[in-house]
Every structure is written in C-alpha cells, then in structure tokens.
$ cat entry-v2.csv   # CSV, C-alpha atoms
chain,number,residue,atom,x,y,z
A,1,MET,CA,-2.5,-19.5,-29.3
A,2,ALA,CA,-1.6,-18.6,-25.7
A,3,PRO,CA,-1.5,-19.2,-22.8
A,4,LEU,CA,-0.2,-22.5,-24.0
A,5,ALA,CA,-1.0,-24.4,-20.7
A,6,LYS,CA,-4.6,-23.3,-20.9
A,7,THR,CA,-5.3,-23.9,-24.6
A,8,GLY,CA,-4.2,-27.5,-24.5
A,9,ALA,CA,-1.0,-26.9,-26.4
A,10,LEU,CA,1.0,-27.8,-23.2
A,11,SER,CA,-0.1,-30.7,-20.9
A,12,PRO,CA,-0.2,-30.0,-17.1
A,13,GLU,CA,2.9,-32.2,-16.7
A,14,ALA,CA,4.8,-30.4,-19.4
A,15,ASN,CA,3.8,-27.1,-17.8
A,16,LEU,CA,5.5,-28.2,-14.6
A,17,TRP,CA,8.7,-28.8,-16.5
A,18,ALA,CA,8.3,-25.5,-18.3
A,19,ALA,CA,8.2,-23.9,-14.9
A,20,VAL,CA,11.7,-25.2,-14.2
A,21,GLY,CA,13.0,-23.6,-17.4
A,22,LEU,CA,11.2,-20.3,-16.7
A,23,GLY,CA,12.5,-20.3,-13.1
A,24,PHE,CA,16.0,-20.9,-14.4
A,25,LEU,CA,15.7,-17.7,-16.6
A,26,PHE,CA,14.2,-15.9,-13.6
A,27,GLY,CA,17.0,-16.9,-11.2
A,28,PHE,CA,19.7,-16.2,-13.8
A,29,VAL,CA,18.4,-12.7,-14.4
A,30,LEU,CA,18.0,-12.0,-10.6
A,31,GLN,CA,21.6,-13.0,-10.1
A,32,ARG,CA,22.8,-11.0,-13.1
A,33,SER,CA,20.9,-8.0,-11.8
A,34,GLY,CA,23.1,-8.1,-8.7
A,35,PHE,CA,20.1,-9.1,-6.5
A,36,THR,CA,21.9,-11.9,-4.7
A,37,ASP,CA,23.8,-9.3,-2.7
A,38,SER,CA,21.9,-8.2,0.4
A,39,ARG,CA,23.8,-4.9,0.5
A,40,LYS,CA,22.6,-3.9,-2.9
A,41,ILE,CA,19.0,-4.6,-2.0
A,42,ALA,CA,19.1,-2.9,1.5
A,43,ARG,CA,21.0,0.2,0.2
A,44,ALA,CA,18.0,1.0,-2.0
A,45,PHE,CA,16.3,2.1,1.2
A,46,TYR,CA,18.9,4.8,1.7
A,47,PHE,CA,19.0,5.9,-2.0
A,48,ARG,CA,22.6,4.8,-2.0
A,49,ASP,CA,22.0,2.1,-4.7
A,50,VAL,CA,18.8,2.7,-6.6
A,51,ASP,CA,19.2,-0.3,-9.0
A,52,VAL,CA,16.6,-2.4,-7.2
A,53,PRO,CA,13.6,0.0,-7.7
A,54,VAL,CA,14.9,0.8,-11.2
A,55,VAL,CA,14.9,-2.9,-12.1
A,56,MET,CA,11.4,-3.3,-10.6
A,57,TRP,CA,10.0,-0.3,-12.5
A,58,SER,CA,11.5,-1.6,-15.8
A,59,ALA,CA,10.3,-5.1,-15.2
A,60,ILE,CA,6.7,-4.0,-14.4
A,61,VAL,CA,6.5,-1.7,-17.4
A,62,THR,CA,7.9,-4.5,-19.7
A,63,GLY,CA,5.5,-7.0,-18.2
A,64,ALA,CA,2.5,-4.7,-18.5
A,65,LEU,CA,3.3,-3.8,-22.1
A,66,GLY,CA,3.9,-7.4,-23.0
A,67,LEU,CA,0.8,-8.7,-21.3
A,68,TRP,CA,-1.6,-6.1,-22.6
A,69,GLY,CA,0.1,-5.7,-25.9
A,70,LEU,CA,0.0,-9.4,-26.7
A,71,SER,CA,-3.7,-9.4,-25.6
A,72,LEU,CA,-4.4,-6.5,-28.0
A,73,LEU,CA,-2.7,-8.4,-30.8
A,74,GLY,CA,-4.8,-11.5,-30.0
A,75,VAL,CA,-1.8,-13.6,-29.2
A,76,LEU,CA,-2.7,-14.0,-25.5
A,77,ASP,CA,-6.2,-14.6,-24.3
A,78,VAL,CA,-6.4,-12.9,-20.9
A,79,SER,CA,-9.8,-14.5,-20.2
A,80,ARG,CA,-7.9,-17.8,-19.8
A,81,MET,CA,-5.3,-16.4,-17.4
A,82,TYR,CA,-5.1,-16.4,-13.6
A,83,PHE,CA,-5.2,-12.9,-12.3
A,84,LEU,CA,-4.2,-12.0,-8.7
A,85,PRO,CA,-7.2,-11.0,-6.5
A,86,THR,CA,-7.1,-8.0,-4.1
A,87,PHE,CA,-7.5,-8.3,-0.4
A,88,LEU,CA,-6.7,-4.7,0.3
A,89,ALA,CA,-6.1,-4.4,4.1
A,90,PRO,CA,-4.1,-7.6,4.5
A,91,MET,CA,-1.9,-6.6,1.5
A,92,VAL,CA,-1.2,-3.2,3.0
A,93,VAL,CA,-0.3,-4.5,6.4
A,94,GLY,CA,1.6,-7.4,4.8
A,95,GLY,CA,3.5,-4.9,2.7
A,96,LEU,CA,4.5,-2.8,5.7
A,97,ILE,CA,5.8,-5.8,7.6
A,98,PHE,CA,7.5,-7.1,4.5
A,99,GLY,CA,9.3,-3.8,3.9
A,100,VAL,CA,10.6,-3.7,7.5
A,101,GLY,CA,11.8,-7.3,7.1
A,102,MET,CA,13.5,-6.5,3.8
A,103,VAL,CA,15.6,-3.7,5.2
A,104,VAL,CA,16.4,-5.7,8.4
A,105,GLY,CA,17.2,-9.0,6.6
A,106,GLY,CA,18.5,-7.6,3.3
A,107,TYR,CA,16.5,-10.0,1.0
A,108,CYS,CA,13.1,-10.8,-0.3
A,109,PRO,CA,12.1,-14.5,-0.8
A,110,GLY,CA,13.2,-14.9,-4.4
A,111,THR,CA,16.5,-13.1,-4.0
A,112,GLY,CA,17.2,-14.8,-0.7
A,113,ALA,CA,16.7,-18.3,-2.1
A,114,ALA,CA,18.8,-17.4,-5.2
A,115,ALA,CA,21.6,-15.9,-3.0
A,116,ALA,CA,21.5,-18.9,-0.6
A,117,ALA,CA,22.0,-21.2,-3.6
A,118,THR,CA,25.1,-19.2,-4.6
A,119,GLY,CA,26.8,-19.6,-1.1
A,120,LYS,CA,25.7,-16.4,0.6
A,121,LEU,CA,25.4,-17.5,4.3
A,122,ASP,CA,23.4,-14.5,5.4
A,123,ALA,CA,20.8,-15.5,2.7
A,124,LEU,CA,20.7,-19.1,4.0
A,125,VAL,CA,20.0,-17.8,7.5
A,126,PHE,CA,17.4,-15.4,6.1
A,127,ILE,CA,15.6,-18.4,4.4
A,128,VAL,CA,15.6,-20.3,7.6
A,129,GLY,CA,14.0,-17.3,9.2
A,130,PHE,CA,11.5,-17.2,6.3
A,131,PHE,CA,10.5,-20.8,7.0
A,132,VAL,CA,10.0,-19.9,10.7
A,133,GLY,CA,7.8,-16.9,9.8
A,134,THR,CA,5.8,-19.0,7.2
A,135,LEU,CA,5.2,-21.8,9.7
A,136,LEU,CA,4.2,-19.3,12.4
A,137,PHE,CA,1.6,-17.9,10.0
A,138,GLY,CA,0.3,-21.3,9.0
A,139,ASP,CA,0.3,-23.0,12.4
A,140,VAL,CA,-1.3,-20.2,14.3
A,141,PHE,CA,-3.6,-19.3,11.3
A,142,PRO,CA,-6.9,-19.2,13.3
A,143,VAL,CA,-5.5,-16.1,15.1
A,144,TRP,CA,-5.2,-14.0,11.9
A,145,GLY,CA,-7.3,-16.0,9.5
A,146,ASP,CA,-10.3,-13.6,9.6
A,147,PHE,CA,-8.0,-10.7,8.8
A,148,TYR,CA,-6.3,-12.6,6.0
A,149,ARG,CA,-9.7,-13.2,4.3
A,150,SER,CA,-11.0,-9.7,4.9
A,151,ASP,CA,-11.4,-6.7,2.6
A,152,TYR,CA,-11.8,-8.9,-0.6
A,153,ARG,CA,-12.2,-6.8,-3.8
A,154,GLY,CA,-11.9,-9.5,-6.5
A,155,VAL,CA,-9.7,-8.9,-9.5
A,156,TRP,CA,-9.5,-5.1,-9.3
A,157,ARG,CA,-7.3,-3.1,-11.7
A,158,LEU,CA,-5.9,0.4,-11.5
A,159,ASP,CA,-8.0,1.5,-14.5
A,160,GLN,CA,-11.2,0.5,-12.7
A,161,LEU,CA,-10.0,2.3,-9.5
A,162,LEU,CA,-9.2,5.5,-11.4
A,163,GLY,CA,-12.1,5.3,-13.8
A,164,ILE,CA,-9.9,5.4,-16.9
A,165,ARG,CA,-9.3,3.1,-19.9
A,166,LEU,CA,-7.0,0.1,-19.4
A,167,GLY,CA,-4.5,1.4,-22.0
A,168,ALA,CA,-4.5,4.8,-20.3
A,169,ALA,CA,-3.6,3.0,-17.0
A,170,VAL,CA,-0.6,1.3,-18.8
A,171,LEU,CA,0.5,4.7,-20.1
A,172,LEU,CA,0.1,6.2,-16.6
A,173,VAL,CA,2.2,3.4,-15.1
A,174,THR,CA,4.9,3.9,-17.8
A,175,LEU,CA,5.0,7.6,-17.3
A,176,THR,CA,5.3,7.1,-13.5
A,177,ALA,CA,8.1,4.6,-14.0
A,178,VAL,CA,10.1,6.9,-16.3
A,179,ALA,CA,9.6,9.8,-13.8
A,180,GLY,CA,10.3,7.5,-10.9
A,181,VAL,CA,13.6,6.3,-12.4
A,182,TRP,CA,14.6,9.9,-13.0
A,183,VAL,CA,13.7,11.0,-9.4
A,184,LEU,CA,15.5,8.0,-7.9
A,185,ARG,CA,18.7,8.9,-9.9
A,186,ARG,CA,18.4,12.5,-8.7
A,187,LEU,CA,18.1,11.5,-5.1
A,188,GLN,CA,21.0,9.2,-5.4
A,189,ARG,CA,23.2,12.0,-6.9
A,190,GLN,CA,22.0,14.3,-4.1
A,191,PHE,CA,22.8,12.0,-1.2
A,192,TRP,CA,25.6,9.8,-2.5
A,193,PRO,CA,27.3,11.8,-5.3
A,194,HIS,CA,30.3,9.4,-5.6
A,195,GLU,CA,28.2,6.3,-6.2
A,196,ALA,CA,25.7,7.7,-8.7
A,197,ARG,CA,25.5,6.1,-12.1
A,198,ILE,CA,24.7,8.1,-15.2
A,199,LEU,CA,21.9,7.3,-17.6
A,200,CYS,CA,23.3,5.8,-20.8
A,201,TRP,CA,21.8,5.9,-24.2
A,202,GLU,CA,20.3,2.4,-24.0
A,203,ASP,CA,18.3,3.5,-20.9
A,204,ARG,CA,16.9,6.5,-22.9
A,205,VAL,CA,16.1,4.3,-25.9
A,206,LEU,CA,14.3,1.8,-23.7
A,207,GLY,CA,12.4,4.6,-21.9
A,208,VAL,CA,11.3,6.3,-25.0
A,209,SER,CA,10.3,3.0,-26.7
A,210,ALA,CA,8.2,2.1,-23.6
A,211,LEU,CA,6.4,5.5,-23.7
A,212,VAL,CA,5.7,5.2,-27.5
A,213,LEU,CA,4.3,1.6,-27.0
A,214,ALA,CA,2.2,2.7,-24.0
A,215,GLY,CA,0.9,5.7,-25.9
A,216,MET,CA,-0.3,3.3,-28.7
A,217,LEU,CA,-2.0,1.1,-26.2
A,218,ALA,CA,-3.8,4.1,-24.7
A,219,LEU,CA,-5.6,4.6,-28.0
A,220,PHE,CA,-7.6,1.4,-27.8
A,221,PRO,CA,-10.8,0.8,-25.9
A,222,ASN,CA,-11.0,-1.8,-23.1
A,223,SER,CA,-12.9,-4.3,-25.4
A,224,ALA,CA,-9.8,-4.5,-27.5
A,225,PHE,CA,-7.8,-5.9,-24.5
A,226,ILE,CA,-10.6,-7.9,-22.7
A,227,PRO,CA,-12.9,-9.3,-25.4
A,228,GLU,CA,-16.5,-9.7,-24.2
A,229,HIS,CA,-16.8,-12.9,-26.3
A,230,PRO,CA,-13.6,-14.9,-26.0
A,231,PRO,CA,-12.1,-15.7,-29.5
A,232,ASP,CA,-12.4,-19.2,-30.9
A,233,TYR,CA,-8.8,-19.7,-31.9
A,234,TYR,CA,-8.0,-22.4,-29.3
A,235,LEU,CA,-5.8,-25.2,-30.6
A,236,VAL,CA,-8.3,-27.8,-29.3
A,237,PRO,CA,-12.1,-27.5,-29.3
A,238,LYS,CA,-13.3,-25.5,-26.4
A,239,ALA,CA,-15.7,-28.2,-25.3
A,240,SER,CA,-12.8,-30.6,-24.6
A,241,LEU,CA,-10.9,-28.1,-22.4
A,242,PRO,CA,-10.9,-28.7,-18.6
A,243,GLY,CA,-13.6,-26.4,-17.3
A,244,GLY,CA,-14.2,-25.0,-20.8
B,245,MET,CA,35.7,-0.9,-2.5
B,246,HIS,CA,35.0,-4.6,-2.7
B,247,ASP,CA,31.4,-4.4,-3.6
B,248,THR,CA,31.8,-1.8,-6.4
B,249,VAL,CA,33.9,-4.3,-8.3
B,250,GLU,CA,31.0,-6.8,-8.1
B,251,GLU,CA,28.5,-4.1,-9.2
B,252,ARG,CA,30.4,-3.5,-12.4
B,253,SER,CA,30.0,-7.2,-13.3
B,254,CYS,CA,26.2,-7.1,-13.3
B,255,TRP,CA,23.8,-6.0,-16.0
B,256,ARG,CA,22.7,-2.3,-16.2
B,257,PRO,CA,19.5,-1.9,-14.2
B,258,VAL,CA,17.1,-0.9,-17.0
B,259,THR,CA,18.4,-3.7,-19.2
B,260,ALA,CA,18.1,-6.2,-16.3
B,261,GLY,CA,14.6,-5.0,-15.6
B,262,VAL,CA,13.5,-5.4,-19.2
B,263,ALA,CA,15.0,-9.0,-19.2
B,264,LEU,CA,13.1,-9.7,-16.0
B,265,GLY,CA,9.9,-8.3,-17.6
B,266,LEU,CA,10.4,-10.5,-20.7
B,267,VAL,CA,10.7,-13.6,-18.5
B,268,MET,CA,7.4,-12.5,-16.8
B,269,VAL,CA,5.7,-12.2,-20.2
B,270,LEU,CA,7.1,-15.6,-21.3
B,271,THR,CA,5.5,-17.1,-18.1
B,272,PHE,CA,2.2,-15.5,-19.0
B,273,VAL,CA,2.3,-16.9,-22.5
B,274,VAL,CA,3.4,-20.4,-21.6
B,275,SER,CA,1.5,-20.9,-18.3
B,276,GLY,CA,-1.2,-18.3,-18.2
B,277,ARG,CA,0.0,-17.1,-14.8
B,278,GLY,CA,2.8,-15.1,-13.3
B,279,PHE,CA,6.1,-16.3,-11.8
B,280,GLY,CA,6.6,-16.4,-8.0
B,281,ALA,CA,9.1,-17.4,-5.4
B,282,SER,CA,7.4,-17.4,-2.0
B,283,GLY,CA,4.8,-19.9,-3.0
B,284,GLY,CA,7.4,-22.6,-3.6
B,285,LEU,CA,9.3,-21.8,-0.4
B,286,THR,CA,6.0,-22.0,1.6
B,287,ARG,CA,5.3,-25.5,0.2
B,288,LEU,CA,8.9,-26.4,1.0
B,289,ALA,CA,8.4,-25.2,4.6
B,290,ALA,CA,5.2,-27.2,5.0
B,291,THR,CA,7.0,-30.3,3.7
B,292,LEU,CA,9.9,-29.8,6.2
B,293,GLN,CA,7.4,-29.5,9.0
B,294,HIS,CA,5.5,-32.5,7.8
B,295,TRP,CA,8.6,-34.7,8.3
B,296,ILE,CA,8.7,-33.6,12.0
B,297,ALA,CA,5.0,-33.2,12.8
B,298,PRO,CA,2.8,-34.8,10.1
B,299,GLU,CA,-0.4,-34.7,12.1
B,300,LEU,CA,0.0,-31.0,13.0
B,301,THR,CA,0.7,-30.1,9.4
B,302,GLU,CA,-2.0,-32.1,7.8
B,303,HIS,CA,-4.6,-30.7,10.2
B,304,SER,CA,-3.3,-27.1,10.0
B,305,ALA,CA,-6.1,-24.8,8.8
B,306,TYR,CA,-3.6,-23.1,6.4
B,307,PHE,CA,-1.5,-26.1,5.2
B,308,ALA,CA,-4.2,-28.8,5.1
B,309,PRO,CA,-5.2,-28.0,1.4
B,310,TYR,CA,-1.7,-28.9,0.3
B,311,PHE,CA,-2.4,-32.5,1.4
B,312,ALA,CA,-6.0,-32.7,0.3
B,313,GLN,CA,-7.0,-35.7,-1.9
B,314,GLY,CA,-3.6,-37.4,-1.5
B,315,GLY,CA,-1.8,-34.4,-2.8
B,316,HIS,CA,1.9,-33.6,-2.0
B,317,PRO,CA,2.9,-30.0,-1.3
B,318,LEU,CA,5.8,-30.2,-3.6
B,319,HIS,CA,3.8,-31.3,-6.6
B,320,HIS,CA,3.1,-27.7,-7.6
B,321,TYR,CA,4.0,-25.3,-10.4
B,322,LEU,CA,5.8,-22.9,-8.0
B,323,VAL,CA,8.0,-25.6,-6.5
B,324,PHE,CA,9.3,-26.7,-9.9
B,325,MET,CA,9.9,-23.0,-10.6
B,326,LEU,CA,11.8,-22.6,-7.4
B,327,ALA,CA,14.1,-25.5,-8.4
B,328,GLY,CA,14.8,-23.5,-11.6
B,329,ILE,CA,15.4,-20.3,-9.8
B,330,LEU,CA,18.1,-21.9,-7.6
B,331,ALA,CA,19.7,-23.5,-10.7
B,332,GLY,CA,19.6,-20.3,-12.7
B,333,ALA,CA,21.2,-18.3,-9.8
B,334,VAL,CA,24.0,-20.8,-9.5
B,335,ALA,CA,24.6,-20.7,-13.2
B,336,GLY,CA,24.7,-16.9,-13.2
B,337,ALA,CA,27.1,-16.8,-10.2
B,338,ALA,CA,29.3,-19.5,-11.7
B,339,LEU,CA,29.6,-17.7,-15.0
B,340,SER,CA,30.6,-14.4,-13.2
B,341,GLY,CA,32.9,-16.0,-10.6
B,342,GLN,CA,30.6,-15.1,-7.7
B,343,LEU,CA,30.0,-18.6,-6.5
B,344,ARG,CA,31.6,-18.7,-3.0
B,345,PHE,CA,30.6,-19.1,0.7
B,346,GLU,CA,30.5,-15.6,2.3
B,347,VAL,CA,28.5,-13.5,4.7
B,348,LEU,CA,27.5,-10.3,2.9
B,349,ARG,CA,27.4,-7.4,5.3
B,350,GLY,CA,28.1,-3.6,5.5
B,351,PRO,CA,31.5,-2.4,6.8
B,352,GLY,CA,30.3,-1.6,10.3
B,353,ILE,CA,28.7,-4.9,11.5
B,354,ALA,CA,30.2,-8.2,12.7
B,355,PRO,CA,29.2,-11.4,10.9
B,356,GLY,CA,27.3,-12.8,14.0
B,357,ARG,CA,25.1,-9.7,14.3
B,358,ARG,CA,24.5,-9.7,10.6
B,359,LEU,CA,23.2,-13.3,10.7
B,360,LEU,CA,21.0,-12.5,13.7
B,361,LEU,CA,19.4,-9.6,11.7
B,362,ALA,CA,19.1,-11.8,8.6
B,363,ALA,CA,17.1,-14.4,10.6
B,364,LEU,CA,14.9,-11.7,12.1
B,365,GLY,CA,14.2,-10.1,8.7
B,366,GLY,CA,13.5,-13.6,7.3
B,367,ILE,CA,10.8,-14.2,10.0
B,368,LEU,CA,9.1,-10.9,9.3
B,369,VAL,CA,9.2,-11.4,5.5
B,370,GLY,CA,8.0,-15.0,5.8
B,371,PHE,CA,5.0,-14.0,7.8
B,372,ALA,CA,4.2,-11.0,5.7
B,373,ALA,CA,4.4,-12.9,2.4
B,374,ARG,CA,1.7,-15.3,3.6
B,375,LEU,CA,-0.5,-12.4,4.9
B,376,ALA,CA,-0.1,-10.6,1.5
B,377,ARG,CA,-0.5,-13.8,-0.6
B,378,GLY,CA,2.8,-13.3,-2.3
B,379,CYS,CA,6.1,-11.5,-2.3
B,380,THR,CA,8.0,-9.0,-4.4
B,381,SER,CA,8.1,-11.4,-7.4
B,382,GLY,CA,4.7,-13.0,-7.5
B,383,GLN,CA,2.6,-10.2,-5.9
B,384,ALA,CA,4.5,-6.9,-6.5
B,385,LEU,CA,6.0,-7.4,-10.0
B,386,VAL,CA,3.4,-9.7,-11.6
B,387,GLY,CA,0.5,-7.9,-10.0
B,388,GLY,CA,2.1,-4.6,-10.9
B,389,ALA,CA,2.0,-5.6,-14.6
B,390,GLU,CA,-1.5,-6.9,-14.2
B,391,LEU,CA,-2.4,-3.5,-12.9
B,392,SER,CA,-3.8,-5.1,-9.7
B,393,VAL,CA,-4.8,-2.5,-7.1
B,394,GLY,CA,-3.9,-4.9,-4.2
B,395,SER,CA,-0.4,-5.5,-5.7
B,396,TRP,CA,0.3,-1.8,-6.1
B,397,ALA,CA,-0.9,-1.2,-2.5
B,398,PHE,CA,1.4,-4.0,-1.4
B,399,MET,CA,4.4,-2.6,-3.3
B,400,ILE,CA,3.9,1.0,-2.0
B,401,SER,CA,3.6,-0.4,1.5
B,402,ILE,CA,6.8,-2.4,1.1
B,403,PHE,CA,8.7,0.8,0.3
B,404,ALA,CA,6.9,2.8,3.1
B,405,GLY,CA,7.9,0.1,5.6
B,406,GLY,CA,11.4,-0.2,4.3
B,407,TYR,CA,12.1,3.6,4.3
B,408,ALA,CA,10.5,4.0,7.7
B,409,ALA,CA,12.7,1.2,9.3
B,410,ALA,CA,15.9,2.1,7.4
B,411,TRP,CA,17.2,4.6,9.9
B,412,PHE,CA,17.1,2.0,12.7
B,413,VAL,CA,19.3,-0.5,10.9
B,414,ARG,CA,21.5,2.0,9.1
B,415,ARG,CA,24.7,0.7,10.8
B,416,GLN,CA,24.1,-2.7,9.3
B,417,TRP,CA,24.4,-1.4,5.7
B,418,LEU,CA,26.2,2.0,5.5
$ encode --input "entry-v2.csv" --output "structure tokens"
Amino acid sequence: MAPLAKTGALSPEANLWAAVGLGFLFGFVLQRSGFTDSRKIARAFYFRDVDVPVVMWSAIVTGALGLWGLSLLGVLDVSRMYFLPTFLAPMVVGGLIFGVGMVVGGYCPGTGAAAAATGKLDALVFIVGFFVGTLLFGDVFPVWGDFYRSDYRGVWRLDQLLGIRLGAAVLLVTLTAVAGVWVLRRLQRQFWPHEARILCWEDRVLGVSALVLAGMLALFPNSAFIPEHPPDYYLVPKASLPGG
Amino acid sequence: MHDTVEERSCWRPVTAGVALGLVMVLTFVVSGRGFGASGGLTRLAATLQHWIAPELTEHSAYFAPYFAQGGHPLHHYLVFMLAGILAGAVAGAALSGQLRFEVLRGPGIAPGRRLLLAALGGILVGFAARLARGCTSGQALVGGAELSVGSWAFMISIFAGGYAAAWFVRRQWL
C-alpha cells in the first residue's frame, strides 16, 4: 500500500519525478491562496488579513486527519515514514527570527520562491536575501553548530507531551483550529471592520466535518495508529526492501 | 483598492487550506515524507556558491554532506519539488492574469525601501530556516500535522516574533 516510495511500488527515480508533480500542485495552491502577495502575508500580523493563519490551520487539520486517518484505515504505514525530529531550543529561536524576517520581508521561503517565479520583484530580492542568510548559516556553521545540534528530543509528538492519546491530540488540534479561526475573524472584525470577510456555509461544513472525523479518531487507542508489529501487506517482500 | 480586486480572485481560505492539506497527504502517501520549500532553496544556494568557491563549499561543515560520495546538491527530492512549485505558481498566476513584473508594497513605502526590507527579511528567514531545520511548509505545516512538538514550538515562535516586530515595520504594510 503506502507510502508508495517506501514499499517498492515507486522507484527512487520515479519518486523524484513524482516530487515535481506534487510540487506543482503545492505551488498552484499557494498561488491560488493569494500567498504570492507579500502584503497579504504581512497583513496577517496586524489582523488586517487573517487568511494566512486560516489557511495554515485548515491545512494542518486536513493533513493531520489524512495522515492519522489513513494510518488507522491501514492504507498508510507510518512506521515506514520519515517524521521530523525535535531540537526544541534551536526551533524556538529559529521561529522567533523567522517570524521577524517574515513581517520585515513579507514572505516565507515557499511563497517567496513562488512569487518570484510569477514576476514579483520584491520576492526575487527576498530570495536573494534568503540565499545570503542560508550561506551565512552554512559557511560560519562552527559558530552556531553546537546550538543547532542541542536540545535533541527525537520524534516527539503532542500526545506524548500532554500524556493523552494520539487521536485525542488530533481532536485537540482540530478544536484549537476551529476556535482559532473564529477568534482570528473576530479580531479582524474588531480592528479592520471594513475588510472582514464573513464565514460562508462551506467553511461551516468543513469545520463540522473536521470535528466529526477528529472525534472518531479520538475513540481509537494508539496501537490502532502506530502498530507495534508492522503489517505485512507490502507490495514486495520485506526482505528485498532497502534497509528492510 | 487595487489589492482587494486580487483578493477576490483567489480561493476562500478554508477551501484553500483543505486543498493544501490534501496535497500534503498525497505527498505522505506517495513519498512517505512531507513537502518542503527551504530544503530545495538551500541546495540551490549551495550550488550557486559552489560555482564561485568550490573548495569552500565542499569543505564547509554544513554543506559538505551534499557533495559526499560524488553527490550533487541538486540531485534531491526537495529540489525536484522546488521546480514543481515554481511551475505550479506560474500556472496559477497565468490562469488568473496575475503574471506580471511588479514590486508589491503597502501604500506608504517607496519601491527602493521595500526592496531593501525584502532583502533584510530574506536574510533573517534564510538563516532561521536552517537553524530550525525547515520553514513554514516543511517544518510548521507538515510537522504540525505530524503533531511534532518542535514544529508546534517553531510555529508559535514564528507568530510571536512576527507580532512582536509588526509594530516597527507597520508603515511598510498599512
């Protein structure tokens, strides 16, 4: 089943070309979300345009429901996936600098690259700056290398942090997202009444659907999401898998 | 206002977010990892520097692994994805008539000053994305869905930093 690149259904070379297609969809959605406009991104930090955090909340909830829901259904084997490890202190410090850079520059890396490709010259200059910052980090790496590698916590999830079940953590994230979208819209209406958008029925349907799905996930124990013994449904025998 | 017209031509935010989330899930299913943008850009930066200073780049403590065992920094999943991101954005802009050269800026700032701030912001974001091992796409969104504690800490810190600095650059945007 899935992930296709790890079960042998997709060769490493084919996976690289799949990345082009997946990137195309990603770039297309970023552009259609209005994220290739620095003003739209920066105005999120003044509550004048809250679409950026609303898109982020919706994407995270959809991603979490898809990832853990497909794992629950046995379609996606999470034991064969790459999960992001936590280096807590560098990520907090990196996030603070990143946030300052975003409101000063008006983009993040993905939106900046996408905007530069569509002719936004401020984004092109932002990406040149991004290269300078990246090379500064890499070439003077010994100075901050120790901090970069510090505070390693492995793959550490919110459910483990809070001592709750994985499904309950997905429900908590979904509840926070729905509440977050509502609060952001209230703040926008408070500070910028002429630019506030109203919730439409599609938003409500999507929000309620997400809550129902997350509520269902919360009923299952962790072993339903992360099997202790990986299932044997791989398309090729496990012994012939790289590292298998 | 000019920019409100453009806003009407983009997708509604919740719908757009669900579409973005579905692309993320498709990436999990196909490749067993998340999407990302800064990884590809970092490898592109290393390649550009390698043209000018090959020795420095190949012996850099951070970039050396890109060249290990005869490897090329551009032969990587995230670089192929970056090519797709650029093409996808161009397609989206072309279909909606937004493909044109312009400097996007608030009403109260001159183009030169806007470009200066864009460069400064880019330097900060480039440095910070390496320190945090990813950006808003690959670290915040993907890690957010994976329920990663580090990713949530990163995301909360982004907004803390952004809201804290917003007042100082308000004349650029409002």
$ residues_around --input "entry-v2.csv" --residues "Leu322 in chain B" --least-positions-apart "4" --cutoff "12 Å" --atoms "all atoms listed in the file" --output "NGL selection string"
(:A and (15-23 or 110)) or (:B and (271 or 275 or 277-288 or 317-318 or 326-329 or 378 or 381-382))
$ residues_around --input "entry-v2.csv" --residues "Leu360 in chain B" --least-positions-apart "4" --cutoff "9 Å" --atoms "all atoms listed in the file" --output "list in words"
Gly105, Asp122, Val125 and Phe126 of chain A; Pro355, Gly356, Leu364 and Gly365 of chain B
$ closest_residue --input "entry-v2.csv" --among "B:Ala297, B:Ala354, B:Ile402, B:Ala290" --to "chain A" --atoms "only C-alpha atoms"
B:Ile402
$ atom_distance --input "entry-v2.csv" --atom1 "CA of Phe137 in chain A" --atom2 "CA of Ala305 in chain B"
10.4 Å
$ closest_residue --input "entry-v2.csv" --among "A:Ala168, A:Ala64, A:Val103, A:Ala89" --to "Ala404 in chain B" --atoms "all atoms listed in the file"
A:Val103
$ closest_residue --input "entry-v2.csv" --among "B:Leu339, B:Ala308, B:Leu292, B:Leu361" --to "chain A" --atoms "only C-alpha atoms"
B:Leu361
$ atom_distance --input "entry-v2.csv" --atom1 "CA of Leu88 in chain A" --atom2 "CA of Ala42 in chain A"
25.9 Å
$ residues_around --input "entry-v2.csv" --residues "Gln160 in chain A" --least-positions-apart "5" --cutoff "10 Å" --atoms "all atoms listed in the file" --output "mmCIF file with C-alpha atoms, keeping the file's coordinate frame"
data_model
loop_
_atom_site.group_PDB
_atom_site.id
_atom_site.type_symbol
_atom_site.label_atom_id
_atom_site.label_comp_id
_atom_site.auth_asym_id
_atom_site.auth_seq_id
_atom_site.Cartn_x
_atom_site.Cartn_y
_atom_site.Cartn_z
ATOM 1 C CA ARG A 165 -9.300 3.100 -19.900
ATOM 2 C CA LEU A 166 -7.000 0.100 -19.400
ATOM 3 C CA ALA A 169 -3.600 3.000 -17.000
ATOM 4 C CA LEU B 391 -2.400 -3.500 -12.900
ATOM 5 C CA SER B 392 -3.800 -5.100 -9.700
ATOM 6 C CA VAL B 393 -4.800 -2.500 -7.100
#
$ atom_distance --input "entry-v2.csv" --atom1 "CA of Asp139 in chain A" --atom2 "CA of Ile127 in chain A"
17.9 Å
$ axis_aligned_box --input "entry-v2.csv" --around "range 396-413 of chain B" --padding-each-side "5 Å" --output "lines of an AutoDock Vina configuration file"
center_x = 9.2
center_y = 0.3
center_z = 3.3
size_x = 30.2
size_y = 18.6
size_z = 28.8
$ residues_near_point --input "entry-v2.csv" --point "(-1.9, -4.1, -7.7)" --cutoff "10 Å" --atoms "only C-alpha atoms" --output "list in words"
Leu84, Pro85, Thr86, Leu88, Met91, Val155, Trp156, Arg157 and Leu158 of chain A; Gln383, Ala384, Leu385, Val386, Gly387, Gly388, Ala389, Glu390, Leu391, Ser392, Val393, Gly394, Ser395, Trp396, Ala397, Phe398, Met399 and Ile400 of chain B
$ closest_residue --input "entry-v2.csv" --among "A:Ala196, A:Ile164, A:Leu175, A:Val170" --to "chain B" --atoms "only C-alpha atoms"
A:Val170
$ residues_around --input "entry-v2.csv" --residues "Gly350 in chain B" --least-positions-apart "4" --cutoff "7 Å" --atoms "all atoms listed in the file" --output "PyMOL selection string"
(chain A and resi 39) or (chain B and resi 416-418)
$ closest_residue --input "entry-v2.csv" --among "B:Gly332, B:Gln313, B:Pro351, B:His319" --to "chain A" --atoms "only C-alpha atoms"
B:Gly332
